[in-house]
Amino acid sequence: MVKDLFLAVDIGTTNVKGAVFDKGSIFPLESISRRISLYTEEGKGVAEQDPDEILKAVIEVISFLARKYGGTSISTIFLTSQMHAFGILEDGRPKTRLLTYFDTRSGEYLSRLEPIGYELYTRTGCPPLHVYPLLKILYAKDRGLIKHSDKLLISAKDYIILKMTGLHVLDLSTASGSQLVNTHNLRWDELALEVAGVEENQLPELIEGSKKPLPIDQDFASKVDIPSSVEVFAGVSDASANQVGVGSISNDTVAINLGTSAAVRFLTDHPVFDDSKMRFFLYYAGNKRYLAGGAVNNGGIVVDWFLKRLGQLESEYASYTGQSLYEVINTLATSSPPGANGVIALPFLLGGERFPIRRPEAKAVFYGLQFHNTKSDILRSLLEGVVFTLKMIYDALSQKGLKAKSVRVGGGGSSIPVWRQIIADVFQLPVFKMDIADSSLLGALIHYLESQNIHIELPHPSEVNEPSKANLEIYRARFEEFAKLVEHFYPS
């Protein structure tokens, strides 16, 4: 049995995932996933998660892998997680559920940021948006939920770190997505704290998460059957982990992640900001690098919606035959031609949208729907709509000097071949998919090894989608129509 194993844990929007690696290999020895709930209320903008449910899932993931490989073999635990969640601790216990980035209730406070919106953006890298914890703090304070003695959570990770180590700390990479961290000096930003009306001592201590090991709490170690000698690393954000996990580590390669949400991002060694339109973010990635890009609320979630509302029969058939849902989606979408027989979807089904438009009230639109259209056209229009949204963000990045020669794609949606081809045709760039189970978990390993000055070779991409010249004009025209519709419904 190998005695120096690395355990990566990723806290996502719908799952907590974990994997064990031999530190000399990029291929996991074992991986596991546990589902976590998202609590919503129809029409009220509520999208919350229970910190203790997430903790329970983390414990189950670590315990399973520790038992499988012998806890004494695990020397390192490294965490990644989603950003932008907000919660409150009273005497070390959750006082509220976490308000996730899908929660739109804080959108009513956006007007408070308008006078200083661009200044705040150039300080924190975060445009005025309802997804960030800054506005969620204002929402909670106005309801009397925050006391001076309370501690604040600004991600899905800091409560987990607290329970694992007894320390209220958070890595800079994840914290930089809070709109509270100054991108230039990597400290809590004075202007942001003044707007939020909170003290620095209410927030977690900021650390370089891939470099500073934390001691594990003795009770937690006993609970998950691992030794007290294990080093815990606060790690990085899931965005940063995914970026390097798909191999997008040079500034001429753009990464697209197709998870529950979706994102398009560059990794850069220097800060890059947009003009006053603020169409993309700038987050700290760790190890003196930055992420410039944009995330959209409506990525793979649009596929989930389609399967639940329009694809019940196909889902049941897949379950009966053992066919994967990715195969179902691919078969349905490919039966509709590029351009979806004239249907254009603004795919804003959940939680409004955050890039390139900043509208918590944004709703989905199907334009061009006629009698002859089928549900395959609707599905394809949704897949194309997500890609069009990402292309608008990419174009804004290109205007500021970030241009790609290729795309690296990851996330569950990357397993749908037709979606990868749509990206290739719309971006007119080759799209590379790595033969890896989970890019965020691999990215955690790569970040750790980098911090230890250990280089590891990534495999060559297993699949490549080349852009089709035949579809160039079709998608150019559809993209222009899409952009006009976005401007019509949500003018800038």
# chains A, B, ... in the order shown; residues from 1 in each chain; ligands from 1
>>> select_by_dssp(residues="segment 175-352 of chain A", states="strand (DSSP E or B)", output="number ranges by chain")
A: 181, 188, 205-207, 213-215, 231-237, 253-258, 262-268, 281-286, 289-296, 344-346
>>> write_last_selection(atoms="N, CA and C atoms", output="short mmCIF file (atom, residue, chain, number, x, y, z; two decimals), in the first residue's frame")
data_model
loop_
_atom_site.label_atom_id
_atom_site.label_comp_id
_atom_site.auth_asym_id
_atom_site.auth_seq_id
_atom_site.Cartn_x
_atom_site.Cartn_y
_atom_site.Cartn_z
N VAL A 181 -12.31 41.27 -1.29
CA VAL A 181 -10.84 41.17 -1.28
C VAL A 181 -10.25 42.09 -2.34
N TRP A 188 -8.32 42.13 2.77
CA TRP A 188 -9.71 42.59 2.80
C TRP A 188 -9.74 44.05 2.38
N GLU A 205 -9.52 34.53 8.30
CA GLU A 205 -8.15 34.94 8.00
C GLU A 205 -7.81 34.46 6.59
N LEU A 206 -7.16 35.31 5.81
CA LEU A 206 -6.81 34.98 4.44
C LEU A 206 -5.44 34.32 4.36
N ILE A 207 -5.35 33.20 3.63
CA ILE A 207 -4.08 32.50 3.49
C ILE A 207 -3.90 32.05 2.03
N PRO A 213 0.06 24.59 5.11
CA PRO A 213 -0.68 23.46 5.68
C PRO A 213 -1.30 23.82 7.02
N LEU A 214 -2.47 23.25 7.29
CA LEU A 214 -3.18 23.48 8.54
C LEU A 214 -3.24 22.18 9.33
N PRO A 215 -3.15 22.26 10.66
CA PRO A 215 -3.24 21.04 11.47
C PRO A 215 -4.68 20.54 11.52
N GLU A 231 -1.83 16.65 6.83
CA GLU A 231 -1.82 18.09 6.58
C GLU A 231 -3.05 18.46 5.76
N VAL A 232 -3.76 19.50 6.21
CA VAL A 232 -4.94 19.99 5.51
C VAL A 232 -4.58 21.29 4.80
N PHE A 233 -4.93 21.37 3.53
CA PHE A 233 -4.71 22.60 2.77
C PHE A 233 -6.06 23.20 2.40
N ALA A 234 -6.24 24.49 2.70
CA ALA A 234 -7.48 25.17 2.35
C ALA A 234 -7.70 25.17 0.85
N GLY A 235 -6.61 25.10 0.09
CA GLY A 235 -6.71 24.87 -1.34
C GLY A 235 -7.02 26.11 -2.15
N VAL A 236 -7.85 25.92 -3.17
CA VAL A 236 -8.20 26.99 -4.11
C VAL A 236 -9.68 26.88 -4.45
N SER A 237 -10.17 27.83 -5.24
CA SER A 237 -11.55 27.77 -5.70
C SER A 237 -11.71 26.66 -6.73
N THR A 253 -4.76 29.90 -24.28
CA THR A 253 -5.73 28.81 -24.18
C THR A 253 -6.86 29.26 -23.27
N VAL A 254 -8.09 29.11 -23.70
CA VAL A 254 -9.23 29.47 -22.89
C VAL A 254 -9.91 28.20 -22.39
N ALA A 255 -10.35 28.21 -21.16
CA ALA A 255 -11.06 27.07 -20.58
C ALA A 255 -12.54 27.36 -20.53
N ILE A 256 -13.32 26.36 -20.89
CA ILE A 256 -14.77 26.43 -20.73
C ILE A 256 -15.20 25.28 -19.84
N ASN A 257 -15.92 25.61 -18.79
CA ASN A 257 -16.45 24.59 -17.90
C ASN A 257 -17.96 24.49 -18.07
N LEU A 258 -18.44 23.29 -18.29
CA LEU A 258 -19.88 23.04 -18.45
C LEU A 258 -20.35 22.19 -17.28
N ALA A 262 -21.87 27.49 -15.91
CA ALA A 262 -20.85 27.37 -16.95
C ALA A 262 -19.94 28.58 -16.86
N ALA A 263 -18.75 28.46 -17.42
CA ALA A 263 -17.80 29.56 -17.33
C ALA A 263 -16.82 29.52 -18.48
N VAL A 264 -16.27 30.69 -18.82
CA VAL A 264 -15.19 30.82 -19.78
C VAL A 264 -14.10 31.65 -19.10
N ARG A 265 -12.85 31.13 -19.10
CA ARG A 265 -11.82 31.78 -18.29
C ARG A 265 -10.44 31.66 -18.94
N PHE A 266 -9.63 32.69 -18.70
CA PHE A 266 -8.20 32.67 -19.02
C PHE A 266 -7.42 32.66 -17.71
N LEU A 267 -6.27 32.00 -17.71
CA LEU A 267 -5.32 32.11 -16.61
C LEU A 267 -4.22 33.07 -17.06
N THR A 268 -3.97 34.10 -16.24
CA THR A 268 -3.00 35.12 -16.62
C THR A 268 -2.11 35.46 -15.44
N PHE A 281 -15.00 39.16 -14.90
CA PHE A 281 -14.42 39.29 -13.56
C PHE A 281 -12.91 39.12 -13.60
N LEU A 282 -12.26 39.44 -12.49
CA LEU A 282 -10.86 39.11 -12.28
C LEU A 282 -10.74 38.56 -10.86
N TYR A 283 -10.43 37.27 -10.73
CA TYR A 283 -10.24 36.63 -9.43
C TYR A 283 -8.78 36.21 -9.28
N TYR A 284 -8.35 36.12 -8.05
CA TYR A 284 -7.01 35.57 -7.78
C TYR A 284 -7.09 34.05 -7.89
N ALA A 285 -6.14 33.45 -8.60
CA ALA A 285 -6.18 32.01 -8.84
C ALA A 285 -5.28 31.23 -7.90
N GLY A 286 -4.40 31.93 -7.17
CA GLY A 286 -3.40 31.26 -6.35
C GLY A 286 -2.06 31.23 -7.07
N ARG A 289 -1.15 34.02 -9.77
CA ARG A 289 -1.83 34.07 -11.06
C ARG A 289 -3.28 34.49 -10.86
N TYR A 290 -3.91 34.87 -11.97
CA TYR A 290 -5.27 35.41 -11.91
C TYR A 290 -6.16 34.70 -12.92
N LEU A 291 -7.44 34.71 -12.63
CA LEU A 291 -8.46 34.21 -13.54
C LEU A 291 -9.26 35.38 -14.07
N ALA A 292 -9.27 35.55 -15.37
CA ALA A 292 -10.11 36.56 -16.01
C ALA A 292 -11.17 35.83 -16.83
N GLY A 293 -12.43 36.16 -16.61
CA GLY A 293 -13.47 35.46 -17.35
C GLY A 293 -14.85 35.81 -16.85
N GLY A 294 -15.77 34.95 -17.17
CA GLY A 294 -17.14 35.15 -16.73
C GLY A 294 -17.82 33.82 -16.52
N ALA A 295 -18.70 33.79 -15.54
CA ALA A 295 -19.49 32.59 -15.26
C ALA A 295 -20.96 32.90 -15.49
N VAL A 296 -21.69 31.91 -15.93
CA VAL A 296 -23.12 32.07 -16.15
C VAL A 296 -23.87 31.09 -15.27
N ILE A 344 -34.07 30.34 -31.27
CA ILE A 344 -32.99 30.94 -30.49
C ILE A 344 -33.45 31.04 -29.04
N ALA A 345 -32.64 30.53 -28.14
CA ALA A 345 -32.99 30.55 -26.71
C ALA A 345 -32.10 31.51 -25.95
N LEU A 346 -32.70 32.40 -25.18
CA LEU A 346 -31.98 33.09 -24.11
C LEU A 346 -32.15 32.18 -22.90
#
>>> residues_around(residues="segment 302-309 of chain A", least_positions_apart="6", cutoff="8 Å", atoms="only C-alpha atoms", output="JSON, numbers by chain")
{"A": [315, 329, 347, 349, 379, 382, 383]}
>>> write_last_selection(atoms="N, CA, C and O atoms", output="compact mmCIF listing (two decimals), in the first residue's frame")
# COMPACT_ATOMS: atom_id res chain seq x y z
N SER A 315 -35.72 10.01 -20.57
CA SER A 315 -35.02 9.70 -19.33
C SER A 315 -35.42 8.33 -18.81
O SER A 315 -34.56 7.55 -18.36
N ILE A 329 -29.14 13.08 -24.41
CA ILE A 329 -29.06 14.48 -24.81
C ILE A 329 -28.38 14.60 -26.16
O ILE A 329 -28.83 15.34 -27.05
N PRO A 347 -31.12 31.45 -22.50
CA PRO A 347 -31.29 30.31 -21.59
C PRO A 347 -31.27 30.68 -20.11
O PRO A 347 -30.67 29.97 -19.29
N LEU A 349 -32.81 30.38 -17.22
CA LEU A 349 -33.87 29.62 -16.54
C LEU A 349 -33.80 29.70 -15.03
O LEU A 349 -34.82 29.55 -14.35
N LEU A 379 -34.12 21.78 -27.32
CA LEU A 379 -32.91 21.35 -26.62
C LEU A 379 -31.67 21.95 -27.26
O LEU A 379 -30.81 22.51 -26.57
N LEU A 382 -31.15 25.56 -26.53
CA LEU A 382 -30.63 25.81 -25.18
C LEU A 382 -29.12 25.60 -25.13
O LEU A 382 -28.38 26.41 -24.55
N LEU A 383 -28.65 24.50 -25.74
CA LEU A 383 -27.20 24.26 -25.77
C LEU A 383 -26.49 25.39 -26.50
O LEU A 383 -25.44 25.87 -26.06
>>> select_by_dssp(residues="segment 308-404 of chain A", states="helix (DSSP H, G or I)", output="number ranges by chain")
A: 308-309, 312-321, 325-334, 340-342, 375-399
>>> closest_residue(among="A:Val244, A:Ile77, A:Val230, A:Leu203", to="Ile446 of chain A", atoms="only C-alpha atoms")
A:Val244
>>> residues_around(residues="Ile26 of chain A", least_positions_apart="2", cutoff="9 Å", atoms="only C-alpha atoms", output="PDB file with all heavy atoms, in the first residue's frame")
ATOM      1  N   PHE A  21      -5.274  10.162  -4.864  1.00  0.00           N
ATOM      2  CA  PHE A  21      -4.221  10.072  -5.878  1.00  0.00           C
ATOM      3  C   PHE A  21      -2.927   9.597  -5.235  1.00  0.00           C
ATOM      4  O   PHE A  21      -2.610   9.968  -4.091  1.00  0.00           O
ATOM      5  CB  PHE A  21      -3.927  11.444  -6.496  1.00  0.00           C
ATOM      6  CG  PHE A  21      -5.035  12.049  -7.301  1.00  0.00           C
ATOM      7  CD1 PHE A  21      -6.035  12.792  -6.688  1.00  0.00           C
ATOM      8  CD2 PHE A  21      -5.060  11.906  -8.681  1.00  0.00           C
ATOM      9  CE1 PHE A  21      -7.048  13.385  -7.426  1.00  0.00           C
ATOM     10  CE2 PHE A  21      -6.064  12.501  -9.433  1.00  0.00           C
ATOM     11  CZ  PHE A  21      -7.062  13.235  -8.812  1.00  0.00           C
ATOM     12  N   ASP A  22      -2.173   8.809  -5.965  1.00  0.00           N
ATOM     13  CA  ASP A  22      -0.752   8.669  -5.699  1.00  0.00           C
ATOM     14  C   ASP A  22      -0.134   9.963  -6.220  1.00  0.00           C
ATOM     15  O   ASP A  22      -0.412  10.375  -7.357  1.00  0.00           O
ATOM     16  CB  ASP A  22      -0.211   7.453  -6.463  1.00  0.00           C
ATOM     17  CG  ASP A  22       1.287   7.267  -6.318  1.00  0.00           C
ATOM     18  OD1 ASP A  22       1.986   8.246  -5.986  1.00  0.00           O
ATOM     19  OD2 ASP A  22       1.760   6.157  -6.559  1.00  0.00           O
ATOM     20  N   LYS A  23       0.690  10.625  -5.432  1.00  0.00           N
ATOM     21  CA  LYS A  23       1.191  11.945  -5.820  1.00  0.00           C
ATOM     22  C   LYS A  23       2.026  11.937  -7.093  1.00  0.00           C
ATOM     23  O   LYS A  23       2.312  12.997  -7.653  1.00  0.00           O
ATOM     24  CB  LYS A  23       1.981  12.567  -4.667  1.00  0.00           C
ATOM     25  CG  LYS A  23       1.111  12.946  -3.478  1.00  0.00           C
ATOM     26  CD  LYS A  23       1.910  13.536  -2.344  1.00  0.00           C
ATOM     27  CE  LYS A  23       1.016  13.873  -1.155  1.00  0.00           C
ATOM     28  NZ  LYS A  23       1.780  14.397  -0.001  1.00  0.00           N
ATOM     29  N   GLY A  24       2.379  10.760  -7.590  1.00  0.00           N
ATOM     30  CA  GLY A  24       3.147  10.689  -8.816  1.00  0.00           C
ATOM     31  C   GLY A  24       2.305  10.434 -10.042  1.00  0.00           C
ATOM     32  O   GLY A  24       2.839  10.290 -11.147  1.00  0.00           O
ATOM     33  N   PRO A  28      -6.715   9.144 -10.660  1.00  0.00           N
ATOM     34  CA  PRO A  28      -7.111   8.793  -9.289  1.00  0.00           C
ATOM     35  C   PRO A  28      -7.183   7.291  -9.070  1.00  0.00           C
ATOM     36  O   PRO A  28      -7.567   6.532  -9.978  1.00  0.00           O
ATOM     37  CB  PRO A  28      -8.485   9.449  -9.146  1.00  0.00           C
ATOM     38  CG  PRO A  28      -9.008   9.583 -10.533  1.00  0.00           C
ATOM     39  CD  PRO A  28      -7.805   9.803 -11.407  1.00  0.00           C
ATOM     40  N   ILE A 436     -10.067  12.667 -18.385  1.00  0.00           N
ATOM     41  CA  ILE A 436      -9.971  12.656 -16.932  1.00  0.00           C
ATOM     42  C   ILE A 436     -11.373  12.664 -16.351  1.00  0.00           C
ATOM     43  O   ILE A 436     -12.306  13.206 -16.934  1.00  0.00           O
ATOM     44  CB  ILE A 436      -9.175  13.867 -16.394  1.00  0.00           C
ATOM     45  CG1 ILE A 436      -9.725  15.172 -16.993  1.00  0.00           C
ATOM     46  CG2 ILE A 436      -7.696  13.720 -16.698  1.00  0.00           C
ATOM     47  CD1 ILE A 436      -9.042  16.408 -16.500  1.00  0.00           C
ATOM     48  N   LEU A 442      -8.431  16.794 -10.234  1.00  0.00           N
ATOM     49  CA  LEU A 442      -7.073  16.761 -10.776  1.00  0.00           C
ATOM     50  C   LEU A 442      -6.401  18.112 -10.576  1.00  0.00           C
ATOM     51  O   LEU A 442      -5.210  18.180 -10.223  1.00  0.00           O
ATOM     52  CB  LEU A 442      -7.100  16.403 -12.258  1.00  0.00           C
ATOM     53  CG  LEU A 442      -5.752  16.486 -12.985  1.00  0.00           C
ATOM     54  CD1 LEU A 442      -4.728  15.560 -12.336  1.00  0.00           C
ATOM     55  CD2 LEU A 442      -5.923  16.157 -14.467  1.00  0.00           C
ATOM     56  N   LEU A 445      -4.780  18.465  -7.238  1.00  0.00           N
ATOM     57  CA  LEU A 445      -3.470  17.806  -7.169  1.00  0.00           C
ATOM     58  C   LEU A 445      -2.395  18.656  -7.832  1.00  0.00           C
ATOM     59  O   LEU A 445      -1.297  18.836  -7.274  1.00  0.00           O
ATOM     60  CB  LEU A 445      -3.551  16.434  -7.842  1.00  0.00           C
ATOM     61  CG  LEU A 445      -2.219  15.681  -7.969  1.00  0.00           C
ATOM     62  CD1 LEU A 445      -1.682  15.290  -6.598  1.00  0.00           C
ATOM     63  CD2 LEU A 445      -2.382  14.439  -8.860  1.00  0.00           C
ATOM     64  N   ILE A 446      -2.697  19.215  -9.004  1.00  0.00           N
ATOM     65  CA  ILE A 446      -1.701  20.010  -9.727  1.00  0.00           C
ATOM     66  C   ILE A 446      -1.313  21.254  -8.935  1.00  0.00           C
ATOM     67  O   ILE A 446      -0.132  21.609  -8.833  1.00  0.00           O
ATOM     68  CB  ILE A 446      -2.230  20.388 -11.121  1.00  0.00           C
ATOM     69  CG1 ILE A 446      -2.413  19.135 -11.973  1.00  0.00           C
ATOM     70  CG2 ILE A 446      -1.276  21.360 -11.819  1.00  0.00           C
ATOM     71  CD1 ILE A 446      -3.143  19.380 -13.281  1.00  0.00           C
ATOM     72  N   ILE A 456       4.323  17.980 -13.119  1.00  0.00           N
ATOM     73  CA  ILE A 456       3.648  16.756 -13.547  1.00  0.00           C
ATOM     74  C   ILE A 456       3.112  16.960 -14.957  1.00  0.00           C
ATOM     75  O   ILE A 456       2.590  18.030 -15.293  1.00  0.00           O
ATOM     76  CB  ILE A 456       2.509  16.382 -12.562  1.00  0.00           C
ATOM     77  CG1 ILE A 456       1.988  14.979 -12.850  1.00  0.00           C
ATOM     78  CG2 ILE A 456       1.398  17.397 -12.564  1.00  0.00           C
ATOM     79  CD1 ILE A 456       1.124  14.420 -11.725  1.00  0.00           C
ATOM     80  N   GLU A 457       3.283  15.965 -15.793  1.00  0.00           N
ATOM     81  CA  GLU A 457       2.854  16.049 -17.177  1.00  0.00           C
ATOM     82  C   GLU A 457       1.378  15.670 -17.304  1.00  0.00           C
ATOM     83  O   GLU A 457       0.945  14.643 -16.773  1.00  0.00           O
ATOM     84  CB  GLU A 457       3.685  15.114 -18.057  1.00  0.00           C
ATOM     85  CG  GLU A 457       5.119  15.567 -18.270  1.00  0.00           C
ATOM     86  CD  GLU A 457       5.229  16.772 -19.188  1.00  0.00           C
ATOM     87  OE1 GLU A 457       4.266  17.050 -19.922  1.00  0.00           O
ATOM     88  OE2 GLU A 457       6.294  17.429 -19.161  1.00  0.00           O
ATOM     89  N   LEU A 458       0.628  16.499 -18.015  1.00  0.00           N
ATOM     90  CA  LEU A 458      -0.757  16.159 -18.323  1.00  0.00           C
ATOM     91  C   LEU A 458      -0.802  15.303 -19.577  1.00  0.00           C
ATOM     92  O   LEU A 458       0.046  15.416 -20.454  1.00  0.00           O
ATOM     93  CB  LEU A 458      -1.579  17.433 -18.543  1.00  0.00           C
ATOM     94  CG  LEU A 458      -1.888  18.272 -17.308  1.00  0.00           C
ATOM     95  CD1 LEU A 458      -2.581  19.565 -17.727  1.00  0.00           C
ATOM     96  CD2 LEU A 458      -2.761  17.509 -16.337  1.00  0.00           C
ATOM     97  N   PRO A 459      -1.797  14.411 -19.670  1.00  0.00           N
ATOM     98  CA  PRO A 459      -1.904  13.592 -20.877  1.00  0.00           C
ATOM     99  C   PRO A 459      -2.372  14.435 -22.056  1.00  0.00           C
ATOM    100  O   PRO A 459      -2.892  15.532 -21.895  1.00  0.00           O
ATOM    101  CB  PRO A 459      -2.978  12.557 -20.491  1.00  0.00           C
ATOM    102  CG  PRO A 459      -3.838  13.285 -19.505  1.00  0.00           C
ATOM    103  CD  PRO A 459      -2.887  14.160 -18.724  1.00  0.00           C
TER     104      PRO A 459
END
>>> closest_residue(among="A:Phe489, A:Phe482, A:Tyr320, A:Tyr69", to="Gly368 of chain A", atoms="only C-alpha atoms")
A:Phe482
>>> atom_distance(atom1="atom CA of Arg187 of chain A", atom2="atom CA of Thr165 of chain A")
22.1 Å
>>> atom_distance(atom1="atom CA of Ala239 of chain A", atom2="atom CA of Asn201 of chain A")
26.5 Å
>>> residues_around(residues="segment 53-66 of chain A", least_positions_apart="4", cutoff="10 Å", atoms="only C-alpha atoms", output="PyMOL selection string")
chain A and resi 7-12+14-20+29-37+49+70-74+77+97+156-157+159-161+163-164+220-227
>>> write_last_selection(atoms="C-alpha atoms", output="mmCIF file, in the first residue's frame")
data_model
loop_
_atom_site.group_PDB
_atom_site.id
_atom_site.type_symbol
_atom_site.label_atom_id
_atom_site.label_comp_id
_atom_site.auth_asym_id
_atom_site.auth_seq_id
_atom_site.Cartn_x
_atom_site.Cartn_y
_atom_site.Cartn_z
ATOM 1 C CA LEU A 7 -6.974 13.200 -1.015
ATOM 2 C CA ALA A 8 -8.771 15.934 -2.971
ATOM 3 C CA VAL A 9 -12.248 17.096 -1.917
ATOM 4 C CA ASP A 10 -14.365 19.352 -4.122
ATOM 5 C CA ILE A 11 -17.519 21.017 -2.736
ATOM 6 C CA GLY A 12 -19.706 21.739 -5.718
ATOM 7 C CA THR A 14 -24.930 19.733 -6.265
ATOM 8 C CA ASN A 15 -22.274 17.261 -5.110
ATOM 9 C CA VAL A 16 -19.317 16.801 -2.815
ATOM 10 C CA LYS A 17 -16.695 14.795 -4.679
ATOM 11 C CA GLY A 18 -13.488 13.228 -3.507
ATOM 12 C CA ALA A 19 -10.589 11.335 -5.041
ATOM 13 C CA VAL A 20 -7.403 9.659 -3.825
ATOM 14 C CA LEU A 29 -6.977 5.464 -7.502
ATOM 15 C CA GLU A 30 -10.584 5.935 -6.417
ATOM 16 C CA SER A 31 -13.264 8.611 -6.518
ATOM 17 C CA ILE A 32 -16.637 9.061 -4.870
ATOM 18 C CA SER A 33 -19.498 11.559 -4.889
ATOM 19 C CA ARG A 34 -22.250 12.501 -2.440
ATOM 20 C CA ARG A 35 -25.310 14.523 -3.424
ATOM 21 C CA ILE A 36 -26.159 17.726 -1.529
ATOM 22 C CA SER A 37 -29.481 19.563 -1.575
ATOM 23 C CA GLN A 49 -27.714 25.012 1.156
ATOM 24 C CA GLY A 70 -6.171 2.940 5.045
ATOM 25 C CA GLY A 71 -6.250 6.272 6.787
ATOM 26 C CA THR A 72 -2.564 6.084 7.677
ATOM 27 C CA SER A 73 -1.694 6.113 3.963
ATOM 28 C CA ILE A 74 -3.229 9.556 3.462
ATOM 29 C CA ILE A 77 -6.089 16.633 2.197
ATOM 30 C CA ARG A 97 -28.273 28.290 5.640
ATOM 31 C CA ALA A 156 -19.158 26.783 0.891
ATOM 32 C CA LYS A 157 -15.706 25.927 2.224
ATOM 33 C CA TYR A 159 -17.258 26.213 7.619
ATOM 34 C CA ILE A 160 -15.734 22.905 6.501
ATOM 35 C CA ILE A 161 -12.224 24.216 7.216
ATOM 36 C CA LYS A 163 -14.727 21.935 11.524
ATOM 37 C CA MET A 164 -11.648 20.192 10.118
ATOM 38 C CA PHE A 220 -12.358 15.323 13.207
ATOM 39 C CA ALA A 221 -9.406 13.032 12.465
ATOM 40 C CA SER A 222 -10.870 10.340 14.708
ATOM 41 C CA LYS A 223 -14.299 10.722 13.112
ATOM 42 C CA VAL A 224 -12.964 10.059 9.598
ATOM 43 C CA ASP A 225 -10.284 7.492 10.595
ATOM 44 C CA ILE A 226 -7.204 9.399 9.496
ATOM 45 C CA PRO A 227 -4.065 10.168 11.541
#
>>> closest_atom_pairs(of="segment 130-241 of chain A", to="segment 103-111 of chain A", cutoff="6 Å", atoms="only C-alpha atoms", output="CSV")
residue,atom,partner,partner_atom,distance
A:His130,CA,A:Gly107,CA,4.8
A:Leu135,CA,A:Ser106,CA,5.7
A:Lys136,CA,A:Ser106,CA,5.4
A:Tyr139,CA,A:Ser106,CA,5.5
>>> write_last_selection(atoms="C-alpha atoms", output="short mmCIF file (atom, residue, chain, number, x, y, z; two decimals), in the first residue's frame")
data_model
loop_
_atom_site.label_atom_id
_atom_site.label_comp_id
_atom_site.auth_asym_id
_atom_site.auth_seq_id
_atom_site.Cartn_x
_atom_site.Cartn_y
_atom_site.Cartn_z
CA HIS A 130 -26.25 39.83 -6.80
CA LEU A 135 -24.70 42.21 -1.28
CA LYS A 136 -25.82 39.17 0.70
CA TYR A 139 -29.47 41.73 2.76
#
>>> residues_around(residues="Arg478 of chain A", least_positions_apart="3", cutoff="9 Å", atoms="only C-alpha atoms", output="compact mmCIF listing (two decimals) with C-alpha atoms, in the first residue's frame")
# COMPACT_ATOMS: atom_id res chain seq x y z
CA GLY A 339 -29.20 26.82 -35.75
CA GLY A 342 -34.63 28.86 -36.37
CA ILE A 344 -32.99 30.94 -30.49
CA PHE A 388 -23.60 32.15 -27.27
CA GLU A 473 -22.01 31.54 -41.41
CA ILE A 474 -24.98 29.82 -39.77
CA TYR A 475 -23.61 30.43 -36.30
CA GLU A 481 -29.49 37.57 -33.61
CA PHE A 482 -28.86 36.25 -30.10
CA ALA A 483 -26.89 39.37 -29.13
>>> atom_distance(atom1="atom CA of Leu38 of chain A", atom2="atom CA of Gly443 of chain A")
25.1 Å
>>> closest_residue(among="A:His168, A:Lys44, A:Asn251, A:Lys212", to="Ser398 of chain A", atoms="only C-alpha atoms")
A:Asn251
>>> closest_residue(among="A:Leu129, A:Ala140, A:Leu397, A:Val272", to="Thr96 of chain A", atoms="only C-alpha atoms")
A:Ala140
>>> closest_residue(among="A:Gly322, A:Pro461, A:Pro356, A:Gly299", to="Gly385 of chain A", atoms="only C-alpha atoms")
A:Gly299
>>> decode(residues="segment 465-472 of chain A", atoms="N, CA, C and O atoms", output="PDB file, in the first residue's frame")
ATOM      1  N   ASN A 465     -12.549  18.383 -31.118  1.00  0.00           N
ATOM      2  CA  ASN A 465     -13.598  18.817 -32.047  1.00  0.00           C
ATOM      3  C   ASN A 465     -13.067  20.004 -32.832  1.00  0.00           C
ATOM      4  O   ASN A 465     -12.808  21.071 -32.267  1.00  0.00           O
ATOM      5  N   GLU A 466     -12.899  19.813 -34.123  1.00  0.00           N
ATOM      6  CA  GLU A 466     -12.424  20.885 -34.989  1.00  0.00           C
ATOM      7  C   GLU A 466     -13.614  21.725 -35.455  1.00  0.00           C
ATOM      8  O   GLU A 466     -14.701  21.199 -35.701  1.00  0.00           O
ATOM      9  N   PRO A 467     -13.430  23.040 -35.607  1.00  0.00           N
ATOM     10  CA  PRO A 467     -14.538  23.879 -36.073  1.00  0.00           C
ATOM     11  C   PRO A 467     -14.926  23.548 -37.511  1.00  0.00           C
ATOM     12  O   PRO A 467     -14.063  23.267 -38.348  1.00  0.00           O
ATOM     13  N   SER A 468     -16.209  23.583 -37.771  1.00  0.00           N
ATOM     14  CA  SER A 468     -16.729  23.313 -39.111  1.00  0.00           C
ATOM     15  C   SER A 468     -16.880  24.628 -39.872  1.00  0.00           C
ATOM     16  O   SER A 468     -17.619  25.520 -39.443  1.00  0.00           O
ATOM     17  N   LYS A 469     -16.197  24.733 -40.984  1.00  0.00           N
ATOM     18  CA  LYS A 469     -16.331  25.933 -41.811  1.00  0.00           C
ATOM     19  C   LYS A 469     -17.736  26.025 -42.413  1.00  0.00           C
ATOM     20  O   LYS A 469     -18.255  27.110 -42.662  1.00  0.00           O
ATOM     21  N   ALA A 470     -18.359  24.850 -42.608  1.00  0.00           N
ATOM     22  CA  ALA A 470     -19.704  24.831 -43.185  1.00  0.00           C
ATOM     23  C   ALA A 470     -20.725  25.493 -42.270  1.00  0.00           C
ATOM     24  O   ALA A 470     -21.738  26.028 -42.732  1.00  0.00           O
ATOM     25  N   ASN A 471     -20.454  25.452 -40.967  1.00  0.00           N
ATOM     26  CA  ASN A 471     -21.394  26.023 -39.998  1.00  0.00           C
ATOM     27  C   ASN A 471     -21.043  27.446 -39.585  1.00  0.00           C
ATOM     28  O   ASN A 471     -21.751  28.049 -38.773  1.00  0.00           O
ATOM     29  N   LEU A 472     -19.941  27.966 -40.143  1.00  0.00           N
ATOM     30  CA  LEU A 472     -19.458  29.286 -39.725  1.00  0.00           C
ATOM     31  C   LEU A 472     -20.507  30.369 -39.933  1.00  0.00           C
ATOM     32  O   LEU A 472     -20.834  31.118 -38.989  1.00  0.00           O
TER      33      LEU A 472
END
